[in-house]
Protein chains: 2
Amino acid sequence: MVPRGRPRDTQVDERVLRIAAALIFERGYAALSIDEVAEQAGVAKTTLYRRWPTKDHLAVAVVARLQADDEITDTGDIRADLVNYLEKIAAGLNRMRTAGGRTGPSAGVAGELVAAAARHEDIGRLTREQYAARNALALALIERARVRGELRADLDAEALFDQLAGALYYRVMITGAPVDRAYAERLVSSALEGSLTCP
Amino acid sequence: MVPRGRPRDTQVDERVLRIAAALIFERGYAALSIDEVAEQAGVAKTTLYRRWPTKDHLAVAVVARLQADDEITDTGDIRADLVNYLEKIAAGLNRMRTAGGRTGPSAGVAGELVAAAARHEDIGRLTREQYAARNALALALIERARVRGELRADLDAEALFDQLAGALYYRVMITGAPVDRAYAERLVSSALEGSLTCP
DNA sequence: TCTATTTCGCTACTTGAGTTTCGAAATGGG
DNA sequence: CCCATTTCGAAACTCAAGTAGCGAAATAGA
């Protein structure tokens with residue numbers, strides 16, 4: 001299983017990703033030009049395309065690199081744990097939202113990544129797998145809280161997490177409303193306490 | 001306020017939108033080529049660009065035209081009303097999802113529209129306004145249910161609707177999970193009944 | 001009828017994504 | 001050392017979005 005031919009220059013990967021990240025986060029996704037990245041990195045365009053088959057793939061690789069794996073903490077207080085986790089998700093979204101010097105309600109790079117996942121089957125599969133893994137952690141957290149009696153026994157954990165995470169993405173991608181810790185707290189309160197009048 | 005020069009041929013708008021819709025929904029967003037639309041419509045490309053400054057603008061116009069304004073019904077049963085409304089939203093999403101002959105979990109055209117809103121300030125503003133209007137209707141529905149005592153007095157209506165609508169968009173755009181009436185019912189139950197153990 | 005104004009069709013152009021071709025360089029195996 | 005294999009760089013290419021310029025056509029108003 002040892003590769004036969006000339007080995008890849010691994011320094012290229014890192015250099016390109018760094019330059020591409022600078023372009024995306026300083027000047028926006030539209031300013032990410034493959035030709036310019038290649039020139040700044042001092043490599044031929046074909047060398048880039050050998051690693052990332054499209055500009056979308058390169059952008060996904062850039063963002064994936066910067067995505068600190070939001071680890072989940074279980075303190076035994078489900079409300080606090082959920083708020084903290086949502087805040088981490090919101091921080092990641094806000095980082096992409098402000099890429100390119102934006103300040104407004106736009107979804108920014110996050111919107112382009114959604115489109116990238118829709119355009120390319122492999123990117124879609126990859127991101128869905130990553131979200132599934134993240135989802136599993138959150139569902140486990142919820143399940144533990146349910147088992148220890150903090151949450152109701154007949155809980156729909158999947159629906160609960162979709163509601164929480166979904167509301168964040170909805171605001172960033174669709175309505176353009178801000179997402180911050182205060183909003184995360186409102187969300188968790190609303191989801192945990194329900195909306196019906198108490199029987 | 002009467003326009004001076006040669007009037008626009010209004011038939012062009014309709015013809016172009018119909019042809020573009022056919023291309024998008026039969027062969028996908030990527031197959032929407034301005035040159036091809038212009039040729040099929042029998043007009044010059046410049047005529048198209050006079051009406052829609054970019055391909056994204058044209059695509060938004062196409063989808064906006066097909067978007068049946070989901071009207072909201074208030075039967076006095078907030079649970080049923082919410083489920084019905086969510087089902088309409090889901091139907092619209094599923095229609096865009098399957099555009100281009102897709103069947104899988106991809107966000108399809110919906111993903112491209114999110115990116116379009118992120119790329120163009122005017123499209124973003126427009127879609128946010130439309131969502132704000134829709135949001136207002138849903139919030140009013142919830143508020144009426146709250147006033148008549150169906151929902152708790154200290155309800156966070158905005159958070160509630162974000163949770164419901166957001167979960168649908170989240171599944172379509174991010175996790176790729178299906179959205180149908182059964183899921184809408186799960187969502188509404190989860191949101192209304194809450195997750196805490198009953199005190 | 002004459003004029004200002006706007007649309008229209010046409011052609012040519014720029015730009016950036018992605019492809020193709022090819023010769024040179026770097027590696028492991030025989 | 002030689003050979004198959006793979007990467008690399010360079011150049012030329014295709015394709016589609018979007019732009020620019022121009023003359024002709026259609027309209028309102030004078």
# chains A, B, ... in the order shown; residues from 1 in each chain; ligands from 1
>>> interface_residues(of="chain D", to="chain A", cutoff="7 Å", atoms="only C-alpha atoms (C1' of nucleotides)", output="number ranges by chain")
D: 5-9
>>> write_last_selection(atoms="C-alpha atoms (C1' of nucleotides)", output="short mmCIF file (atom, residue, chain, number, x, y, z; two decimals), in the first residue's frame")
data_model
loop_
_atom_site.label_atom_id
_atom_site.label_comp_id
_atom_site.auth_asym_id
_atom_site.auth_seq_id
_atom_site.Cartn_x
_atom_site.Cartn_y
_atom_site.Cartn_z
"C1'" DT D 5 4.08 5.69 -11.37
"C1'" DT D 6 2.74 9.88 -9.64
"C1'" DT D 7 3.24 14.87 -8.83
"C1'" DC D 8 4.37 19.30 -10.55
"C1'" DG D 9 4.39 23.49 -13.53
#
>>> select_by_dssp(residues="range 34-136 of chain B", states="helix (DSSP H, G or I)", output="MDAnalysis selection string")
chainID B and resid 34:41 45:51 55:66 78:97 109:119 121:136
>>> write_last_selection(atoms="C-alpha atoms", output="PDB file, in the first residue's frame")
ATOM      1  CA  ILE B  34     -28.742  32.547 -19.006  1.00  0.00           C
ATOM      2  CA  ASP B  35     -27.674  32.027 -22.595  1.00  0.00           C
ATOM      3  CA  GLU B  36     -29.981  29.077 -22.978  1.00  0.00           C
ATOM      4  CA  VAL B  37     -32.917  30.854 -21.390  1.00  0.00           C
ATOM      5  CA  ALA B  38     -32.386  33.820 -23.690  1.00  0.00           C
ATOM      6  CA  GLU B  39     -32.217  31.584 -26.725  1.00  0.00           C
ATOM      7  CA  GLN B  40     -35.310  29.581 -25.815  1.00  0.00           C
ATOM      8  CA  ALA B  41     -37.212  32.761 -25.035  1.00  0.00           C
ATOM      9  CA  LYS B  45     -29.160  38.234 -23.256  1.00  0.00           C
ATOM     10  CA  THR B  46     -29.030  41.970 -22.558  1.00  0.00           C
ATOM     11  CA  THR B  47     -32.808  42.018 -22.367  1.00  0.00           C
ATOM     12  CA  LEU B  48     -32.643  39.464 -19.598  1.00  0.00           C
ATOM     13  CA  TYR B  49     -30.006  41.353 -17.679  1.00  0.00           C
ATOM     14  CA  ARG B  50     -32.088  44.519 -17.872  1.00  0.00           C
ATOM     15  CA  ARG B  51     -34.738  42.763 -15.782  1.00  0.00           C
ATOM     16  CA  LYS B  55     -28.743  34.662 -12.411  1.00  0.00           C
ATOM     17  CA  ASP B  56     -29.522  34.528  -8.695  1.00  0.00           C
ATOM     18  CA  HIS B  57     -32.087  37.299  -9.090  1.00  0.00           C
ATOM     19  CA  LEU B  58     -33.760  35.394 -11.878  1.00  0.00           C
ATOM     20  CA  ALA B  59     -33.874  32.212  -9.825  1.00  0.00           C
ATOM     21  CA  VAL B  60     -35.374  34.051  -6.863  1.00  0.00           C
ATOM     22  CA  ALA B  61     -38.021  35.531  -9.133  1.00  0.00           C
ATOM     23  CA  VAL B  62     -38.837  32.079 -10.467  1.00  0.00           C
ATOM     24  CA  VAL B  63     -39.300  30.551  -7.047  1.00  0.00           C
ATOM     25  CA  ALA B  64     -41.183  33.567  -5.684  1.00  0.00           C
ATOM     26  CA  ARG B  65     -43.696  33.163  -8.506  1.00  0.00           C
ATOM     27  CA  LEU B  66     -44.391  29.534  -7.688  1.00  0.00           C
ATOM     28  CA  ILE B  78     -53.534  25.869  18.215  1.00  0.00           C
ATOM     29  CA  ARG B  79     -52.023  22.413  17.905  1.00  0.00           C
ATOM     30  CA  ALA B  80     -53.869  21.614  14.698  1.00  0.00           C
ATOM     31  CA  ASP B  81     -53.273  25.078  13.263  1.00  0.00           C
ATOM     32  CA  LEU B  82     -49.545  24.870  13.861  1.00  0.00           C
ATOM     33  CA  VAL B  83     -49.275  21.387  12.392  1.00  0.00           C
ATOM     34  CA  ASN B  84     -51.160  22.453   9.290  1.00  0.00           C
ATOM     35  CA  TYR B  85     -49.036  25.529   8.826  1.00  0.00           C
ATOM     36  CA  LEU B  86     -45.806  23.624   9.304  1.00  0.00           C
ATOM     37  CA  GLU B  87     -46.984  21.081   6.792  1.00  0.00           C
ATOM     38  CA  LYS B  88     -47.443  23.829   4.211  1.00  0.00           C
ATOM     39  CA  ILE B  89     -43.956  25.144   4.860  1.00  0.00           C
ATOM     40  CA  ALA B  90     -42.604  21.616   4.569  1.00  0.00           C
ATOM     41  CA  ALA B  91     -44.404  21.104   1.280  1.00  0.00           C
ATOM     42  CA  GLY B  92     -42.733  24.191  -0.173  1.00  0.00           C
ATOM     43  CA  LEU B  93     -39.338  23.016   1.019  1.00  0.00           C
ATOM     44  CA  ASN B  94     -39.853  19.534  -0.356  1.00  0.00           C
ATOM     45  CA  ARG B  95     -40.816  20.972  -3.723  1.00  0.00           C
ATOM     46  CA  MET B  96     -37.523  22.849  -3.932  1.00  0.00           C
ATOM     47  CA  ARG B  97     -35.689  19.884  -2.578  1.00  0.00           C
ATOM     48  CA  VAL B 109     -32.650  24.707  -4.935  1.00  0.00           C
ATOM     49  CA  ALA B 110     -33.391  25.815  -1.385  1.00  0.00           C
ATOM     50  CA  GLY B 111     -29.683  25.748  -0.636  1.00  0.00           C
ATOM     51  CA  GLU B 112     -28.893  27.893  -3.645  1.00  0.00           C
ATOM     52  CA  LEU B 113     -31.463  30.448  -2.559  1.00  0.00           C
ATOM     53  CA  VAL B 114     -29.873  30.732   0.857  1.00  0.00           C
ATOM     54  CA  ALA B 115     -26.560  31.408  -0.835  1.00  0.00           C
ATOM     55  CA  ALA B 116     -28.200  33.921  -3.158  1.00  0.00           C
ATOM     56  CA  ALA B 117     -29.556  35.815  -0.169  1.00  0.00           C
ATOM     57  CA  ALA B 118     -26.096  35.777   1.381  1.00  0.00           C
ATOM     58  CA  ARG B 119     -24.435  37.032  -1.799  1.00  0.00           C
ATOM     59  CA  GLU B 121     -27.808  42.443  -0.213  1.00  0.00           C
ATOM     60  CA  ASP B 122     -31.047  43.232  -2.026  1.00  0.00           C
ATOM     61  CA  ILE B 123     -32.117  39.604  -2.254  1.00  0.00           C
ATOM     62  CA  GLY B 124     -31.313  39.132   1.404  1.00  0.00           C
ATOM     63  CA  ARG B 125     -33.375  42.148   2.372  1.00  0.00           C
ATOM     64  CA  LEU B 126     -36.277  41.044   0.217  1.00  0.00           C
ATOM     65  CA  THR B 127     -36.439  37.504   1.542  1.00  0.00           C
ATOM     66  CA  ARG B 128     -36.029  38.671   5.118  1.00  0.00           C
ATOM     67  CA  GLU B 129     -38.972  40.990   4.658  1.00  0.00           C
ATOM     68  CA  GLN B 130     -41.081  38.162   3.284  1.00  0.00           C
ATOM     69  CA  TYR B 131     -40.127  35.943   6.178  1.00  0.00           C
ATOM     70  CA  ALA B 132     -40.863  38.730   8.612  1.00  0.00           C
ATOM     71  CA  ALA B 133     -44.343  39.069   7.159  1.00  0.00           C
ATOM     72  CA  ARG B 134     -44.949  35.342   7.419  1.00  0.00           C
ATOM     73  CA  ASN B 135     -43.534  35.344  10.907  1.00  0.00           C
ATOM     74  CA  ALA B 136     -45.944  38.083  11.918  1.00  0.00           C
TER      75      ALA B 136
END
>>> residues_around(residues="DG29 in chain D", least_positions_apart="2", cutoff="10 Å", atoms="only C-alpha atoms (C1' of nucleotides)", output="PyMOL selection string")
(chain B and resi 4) or (chain C and resi 3-4) or (chain D and resi 27)
>>> residues_around(residues="DT15 in chain C", least_positions_apart="4", cutoff="12 Å", atoms="only C-alpha atoms (C1' of nucleotides)", output="PDB file with N, CA and C atoms (P, O5', C5', C4', C3', O3' and C1' of nucleotides), in the first residue's frame")
ATOM      1  N   SER A  33     -10.515  33.413  -5.227  1.00  0.00           N
ATOM      2  CA  SER A  33     -10.237  33.057  -6.616  1.00  0.00           C
ATOM      3  C   SER A  33      -9.142  32.001  -6.651  1.00  0.00           C
ATOM      4  N   ASP A  35      -7.263  31.093  -9.058  1.00  0.00           N
ATOM      5  CA  ASP A  35      -6.046  31.610  -9.684  1.00  0.00           C
ATOM      6  C   ASP A  35      -5.210  32.406  -8.680  1.00  0.00           C
TER       7      ASP A  35
ATOM      8  P    DC D  15     -17.300  24.118 -24.977  1.00  0.00           P
ATOM      9  O5'  DC D  15     -17.992  24.750 -23.689  1.00  0.00           O
ATOM     10  C5'  DC D  15     -17.729  24.198 -22.399  1.00  0.00           C
ATOM     11  C4'  DC D  15     -18.205  25.155 -21.337  1.00  0.00           C
ATOM     12  C3'  DC D  15     -19.417  26.008 -21.747  1.00  0.00           C
ATOM     13  O3'  DC D  15     -20.413  25.899 -20.757  1.00  0.00           O
ATOM     14  C1'  DC D  15     -17.700  27.361 -20.853  1.00  0.00           C
ATOM     15  P    DA D  16     -21.943  26.300 -21.136  1.00  0.00           P
ATOM     16  O5'  DA D  16     -22.324  27.364 -20.030  1.00  0.00           O
ATOM     17  C5'  DA D  16     -21.922  27.159 -18.686  1.00  0.00           C
ATOM     18  C4'  DA D  16     -21.794  28.480 -17.981  1.00  0.00           C
ATOM     19  C3'  DA D  16     -22.906  29.482 -18.303  1.00  0.00           C
ATOM     20  O3'  DA D  16     -23.362  30.047 -17.098  1.00  0.00           O
ATOM     21  C1'  DA D  16     -20.805  30.482 -18.644  1.00  0.00           C
ATOM     22  P    DA D  17     -24.616  31.022 -17.016  1.00  0.00           P
ATOM     23  O5'  DA D  17     -23.980  32.275 -16.267  1.00  0.00           O
ATOM     24  C5'  DA D  17     -23.321  32.074 -15.026  1.00  0.00           C
ATOM     25  C4'  DA D  17     -22.634  33.350 -14.596  1.00  0.00           C
ATOM     26  C3'  DA D  17     -23.525  34.581 -14.597  1.00  0.00           C
ATOM     27  O3'  DA D  17     -23.216  35.370 -13.452  1.00  0.00           O
ATOM     28  C1'  DA D  17     -21.676  34.923 -16.059  1.00  0.00           C
ATOM     29  P    DG D  18     -24.288  36.465 -12.966  1.00  0.00           P
ATOM     30  O5'  DG D  18     -23.718  37.746 -13.710  1.00  0.00           O
ATOM     31  C5'  DG D  18     -22.419  38.194 -13.352  1.00  0.00           C
ATOM     32  C4'  DG D  18     -21.904  39.154 -14.380  1.00  0.00           C
ATOM     33  C3'  DG D  18     -22.839  40.323 -14.748  1.00  0.00           C
ATOM     34  O3'  DG D  18     -22.243  41.535 -14.302  1.00  0.00           O
ATOM     35  C1'  DG D  18     -21.719  39.443 -16.635  1.00  0.00           C
ATOM     36  P    DT D  19     -22.853  42.951 -14.706  1.00  0.00           P
ATOM     37  O5'  DT D  19     -21.906  43.403 -15.919  1.00  0.00           O
ATOM     38  C5'  DT D  19     -20.512  43.261 -15.782  1.00  0.00           C
ATOM     39  C4'  DT D  19     -19.812  43.989 -16.919  1.00  0.00           C
ATOM     40  C3'  DT D  19     -20.406  45.354 -17.269  1.00  0.00           C
ATOM     41  O3'  DT D  19     -19.346  46.276 -17.449  1.00  0.00           O
ATOM     42  C1'  DT D  19     -20.359  43.988 -19.193  1.00  0.00           C
TER      43       DT D  19
END
>>> interface_residues(of="chain C", to="chain A", cutoff="7 Å", atoms="only C-alpha atoms (C1' of nucleotides)", output="ChimeraX atom specification")
/C:26-28
>>> write_last_selection(atoms="C-alpha atoms (C1' of nucleotides)", output="mmCIF file, in the first residue's frame")
data_model
loop_
_atom_site.group_PDB
_atom_site.id
_atom_site.type_symbol
_atom_site.label_atom_id
_atom_site.label_comp_id
_atom_site.auth_asym_id
_atom_site.auth_seq_id
_atom_site.Cartn_x
_atom_site.Cartn_y
_atom_site.Cartn_z
ATOM 1 C "C1'" DA C 26 10.684 12.720 -7.719
ATOM 2 C "C1'" DT C 27 9.936 8.382 -5.822
ATOM 3 C "C1'" DG C 28 9.968 2.824 -5.074
#
>>> interface_residues(of="chain A", to="chain B", cutoff="6 Å", atoms="only C-alpha atoms", output="PyMOL selection string")
chain A and resi 106-108+111-112+114-115+118+128+151-152+159+162-163+166-167+170+175+187+191-197
>>> write_last_selection(atoms="N, CA and C atoms", output="PDB file, in the first residue's frame")
ATOM      1  N   SER A 106     -26.619  39.053   7.054  1.00  0.00           N
ATOM      2  CA  SER A 106     -26.393  38.023   6.036  1.00  0.00           C
ATOM      3  C   SER A 106     -25.846  36.732   6.629  1.00  0.00           C
ATOM      4  N   ALA A 107     -26.137  35.633   5.965  1.00  0.00           N
ATOM      5  CA  ALA A 107     -25.625  34.342   6.405  1.00  0.00           C
ATOM      6  C   ALA A 107     -24.149  34.178   6.064  1.00  0.00           C
ATOM      7  N   GLY A 108     -23.631  35.021   5.177  1.00  0.00           N
ATOM      8  CA  GLY A 108     -22.218  34.993   4.842  1.00  0.00           C
ATOM      9  C   GLY A 108     -21.757  33.653   4.309  1.00  0.00           C
ATOM     10  N   GLY A 111     -24.006  30.438   4.303  1.00  0.00           N
ATOM     11  CA  GLY A 111     -24.937  30.228   3.209  1.00  0.00           C
ATOM     12  C   GLY A 111     -24.283  29.548   2.024  1.00  0.00           C
ATOM     13  N   GLU A 112     -23.056  29.950   1.729  1.00  0.00           N
ATOM     14  CA  GLU A 112     -22.352  29.327   0.610  1.00  0.00           C
ATOM     15  C   GLU A 112     -22.083  27.857   0.885  1.00  0.00           C
ATOM     16  N   VAL A 114     -23.936  25.822   2.668  1.00  0.00           N
ATOM     17  CA  VAL A 114     -25.186  25.089   2.460  1.00  0.00           C
ATOM     18  C   VAL A 114     -25.369  24.792   0.977  1.00  0.00           C
ATOM     19  N   ALA A 115     -25.104  25.802   0.155  1.00  0.00           N
ATOM     20  CA  ALA A 115     -25.231  25.598  -1.285  1.00  0.00           C
ATOM     21  C   ALA A 115     -24.213  24.581  -1.772  1.00  0.00           C
ATOM     22  N   ALA A 118     -25.428  21.253  -1.198  1.00  0.00           N
ATOM     23  CA  ALA A 118     -26.529  20.917  -2.097  1.00  0.00           C
ATOM     24  C   ALA A 118     -26.014  20.596  -3.495  1.00  0.00           C
ATOM     25  N   ARG A 128     -23.281  15.916   6.333  1.00  0.00           N
ATOM     26  CA  ARG A 128     -24.364  15.248   7.044  1.00  0.00           C
ATOM     27  C   ARG A 128     -23.811  14.264   8.067  1.00  0.00           C
ATOM     28  N   LEU A 151     -35.667  15.131  32.794  1.00  0.00           N
ATOM     29  CA  LEU A 151     -36.587  15.372  31.682  1.00  0.00           C
ATOM     30  C   LEU A 151     -37.666  14.296  31.671  1.00  0.00           C
ATOM     31  N   ARG A 152     -38.749  14.604  31.008  1.00  0.00           N
ATOM     32  CA  ARG A 152     -39.881  13.689  31.028  1.00  0.00           C
ATOM     33  C   ARG A 152     -39.564  12.378  30.314  1.00  0.00           C
ATOM     34  N   ALA A 159     -36.582  15.534  18.236  1.00  0.00           N
ATOM     35  CA  ALA A 159     -37.348  16.753  17.986  1.00  0.00           C
ATOM     36  C   ALA A 159     -36.821  17.896  18.855  1.00  0.00           C
ATOM     37  N   ASP A 162     -33.518  19.173  17.364  1.00  0.00           N
ATOM     38  CA  ASP A 162     -33.810  19.866  16.100  1.00  0.00           C
ATOM     39  C   ASP A 162     -34.374  21.254  16.378  1.00  0.00           C
ATOM     40  N   GLN A 163     -35.250  21.347  17.344  1.00  0.00           N
ATOM     41  CA  GLN A 163     -35.844  22.637  17.675  1.00  0.00           C
ATOM     42  C   GLN A 163     -34.792  23.643  18.112  1.00  0.00           C
ATOM     43  N   GLY A 166     -31.996  23.959  15.244  1.00  0.00           N
ATOM     44  CA  GLY A 166     -32.689  24.485  14.076  1.00  0.00           C
ATOM     45  C   GLY A 166     -33.004  25.957  14.194  1.00  0.00           C
ATOM     46  N   ALA A 167     -33.437  26.390  15.356  1.00  0.00           N
ATOM     47  CA  ALA A 167     -33.774  27.796  15.534  1.00  0.00           C
ATOM     48  C   ALA A 167     -32.546  28.674  15.295  1.00  0.00           C
ATOM     49  N   TYR A 170     -31.891  28.696  11.557  1.00  0.00           N
ATOM     50  CA  TYR A 170     -32.985  29.420  10.912  1.00  0.00           C
ATOM     51  C   TYR A 170     -32.749  30.915  10.985  1.00  0.00           C
ATOM     52  N   THR A 175     -33.925  34.293   8.586  1.00  0.00           N
ATOM     53  CA  THR A 175     -34.494  35.570   9.021  1.00  0.00           C
ATOM     54  C   THR A 175     -33.437  36.627   9.278  1.00  0.00           C
ATOM     55  N   LEU A 187     -34.358  30.182  24.083  1.00  0.00           N
ATOM     56  CA  LEU A 187     -34.704  28.965  23.361  1.00  0.00           C
ATOM     57  C   LEU A 187     -34.848  27.780  24.309  1.00  0.00           C
ATOM     58  N   ALA A 191     -38.184  25.653  25.084  1.00  0.00           N
ATOM     59  CA  ALA A 191     -38.289  24.239  24.715  1.00  0.00           C
ATOM     60  C   ALA A 191     -38.502  23.361  25.939  1.00  0.00           C
ATOM     61  N   LEU A 192     -37.807  23.654  27.015  1.00  0.00           N
ATOM     62  CA  LEU A 192     -37.917  22.803  28.198  1.00  0.00           C
ATOM     63  C   LEU A 192     -39.258  22.980  28.885  1.00  0.00           C
ATOM     64  N   GLU A 193     -39.686  24.200  29.011  1.00  0.00           N
ATOM     65  CA  GLU A 193     -40.884  24.460  29.804  1.00  0.00           C
ATOM     66  C   GLU A 193     -42.169  24.267  29.015  1.00  0.00           C
ATOM     67  N   GLY A 194     -42.064  24.239  27.675  1.00  0.00           N
ATOM     68  CA  GLY A 194     -43.261  24.025  26.881  1.00  0.00           C
ATOM     69  C   GLY A 194     -44.096  25.276  26.783  1.00  0.00           C
ATOM     70  N   SER A 195     -45.194  25.164  26.043  1.00  0.00           N
ATOM     71  CA  SER A 195     -45.997  26.351  25.759  1.00  0.00           C
ATOM     72  C   SER A 195     -47.429  26.232  26.261  1.00  0.00           C
ATOM     73  N   LEU A 196     -47.820  25.041  26.623  1.00  0.00           N
ATOM     74  CA  LEU A 196     -49.202  24.877  27.062  1.00  0.00           C
ATOM     75  C   LEU A 196     -49.393  25.463  28.449  1.00  0.00           C
ATOM     76  N   THR A 197     -50.607  25.842  28.743  1.00  0.00           N
ATOM     77  CA  THR A 197     -50.914  26.245  30.108  1.00  0.00           C
ATOM     78  C   THR A 197     -50.826  25.022  31.002  1.00  0.00           C
TER      79      THR A 197
END
>>> residues_around(residues="DC22 in chain D", least_positions_apart="4", cutoff="12 Å", atoms="only C-alpha atoms (C1' of nucleotides)", output="list in words")
DC8, DG9, DC10, DT11 and DA12 of chain C
>>> write_last_selection(atoms="N, CA and C atoms (P, O5', C5', C4', C3', O3' and C1' of nucleotides)", output="JSON list (two decimals), in the first residue's frame")
[["chain", "number", "residue", "atom", "x", "y", "z"],
["C", 8, "DC", "P", -37.42, 45.26, -23.62],
["C", 8, "DC", "O5'", -36.64, 44.95, -24.97],
["C", 8, "DC", "C5'", -37.27, 45.26, -26.21],
["C", 8, "DC", "C4'", -36.29, 45.11, -27.36],
["C", 8, "DC", "C3'", -35.42, 43.85, -27.28],
["C", 8, "DC", "O3'", -35.80, 42.96, -28.31],
["C", 8, "DC", "C1'", -34.17, 45.80, -27.91],
["C", 9, "DG", "P", -35.32, 41.44, -28.24],
["C", 9, "DG", "O5'", -34.12, 41.38, -29.30],
["C", 9, "DG", "C5'", -34.36, 41.85, -30.62],
["C", 9, "DG", "C4'", -33.04, 42.05, -31.32],
["C", 9, "DG", "C3'", -32.09, 40.86, -31.25],
["C", 9, "DG", "O3'", -31.67, 40.53, -32.56],
["C", 9, "DG", "C1'", -30.98, 42.85, -30.56],
["C", 10, "DC", "P", -30.88, 39.19, -32.81],
["C", 10, "DC", "O5'", -29.38, 39.69, -33.01],
["C", 10, "DC", "C5'", -29.14, 40.88, -33.74],
["C", 10, "DC", "C4'", -27.73, 41.37, -33.51],
["C", 10, "DC", "C3'", -26.71, 40.26, -33.24],
["C", 10, "DC", "O3'", -25.80, 40.22, -34.32],
["C", 10, "DC", "C1'", -26.42, 42.11, -31.76],
["C", 11, "DT", "P", -24.83, 38.95, -34.44],
["C", 11, "DT", "O5'", -23.42, 39.58, -34.04],
["C", 11, "DT", "C5'", -23.17, 40.94, -34.36],
["C", 11, "DT", "C4'", -22.02, 41.44, -33.51],
["C", 11, "DT", "C3'", -20.97, 40.37, -33.18],
["C", 11, "DT", "O3'", -19.71, 40.80, -33.66],
["C", 11, "DT", "C1'", -21.59, 41.58, -31.24],
["C", 12, "DA", "P", -18.44, 39.81, -33.50],
["C", 12, "DA", "O5'", -17.57, 40.55, -32.39],
["C", 12, "DA", "C5'", -17.58, 41.97, -32.31],
["C", 12, "DA", "C4'", -17.01, 42.40, -30.97],
["C", 12, "DA", "C3'", -15.84, 41.52, -30.49],
["C", 12, "DA", "O3'", -14.76, 42.33, -30.08],
["C", 12, "DA", "C1'", -17.52, 41.67, -28.82]]
>>> closest_residue(among="C:DT19, C:DT14, C:DT7, C:DT1", to="DA24 in chain D", atoms="only C-alpha atoms (C1' of nucleotides)")
C:DT7
>>> residues_around(residues="range 20-24 of chain C", least_positions_apart="6", cutoff="10 Å", atoms="only C-alpha atoms (C1' of nucleotides)", output="NGL selection string")
:D and (8-14)
>>> closest_residue(among="B:Asp69, B:Thr103, B:Asp74, B:Leu23", to="Leu141 in chain B", atoms="only C-alpha atoms")
B:Asp74
>>> atom_distance(atom1="C1' of DG30 in chain C", atom2="C1' of DC2 in chain D")
8.7 Å
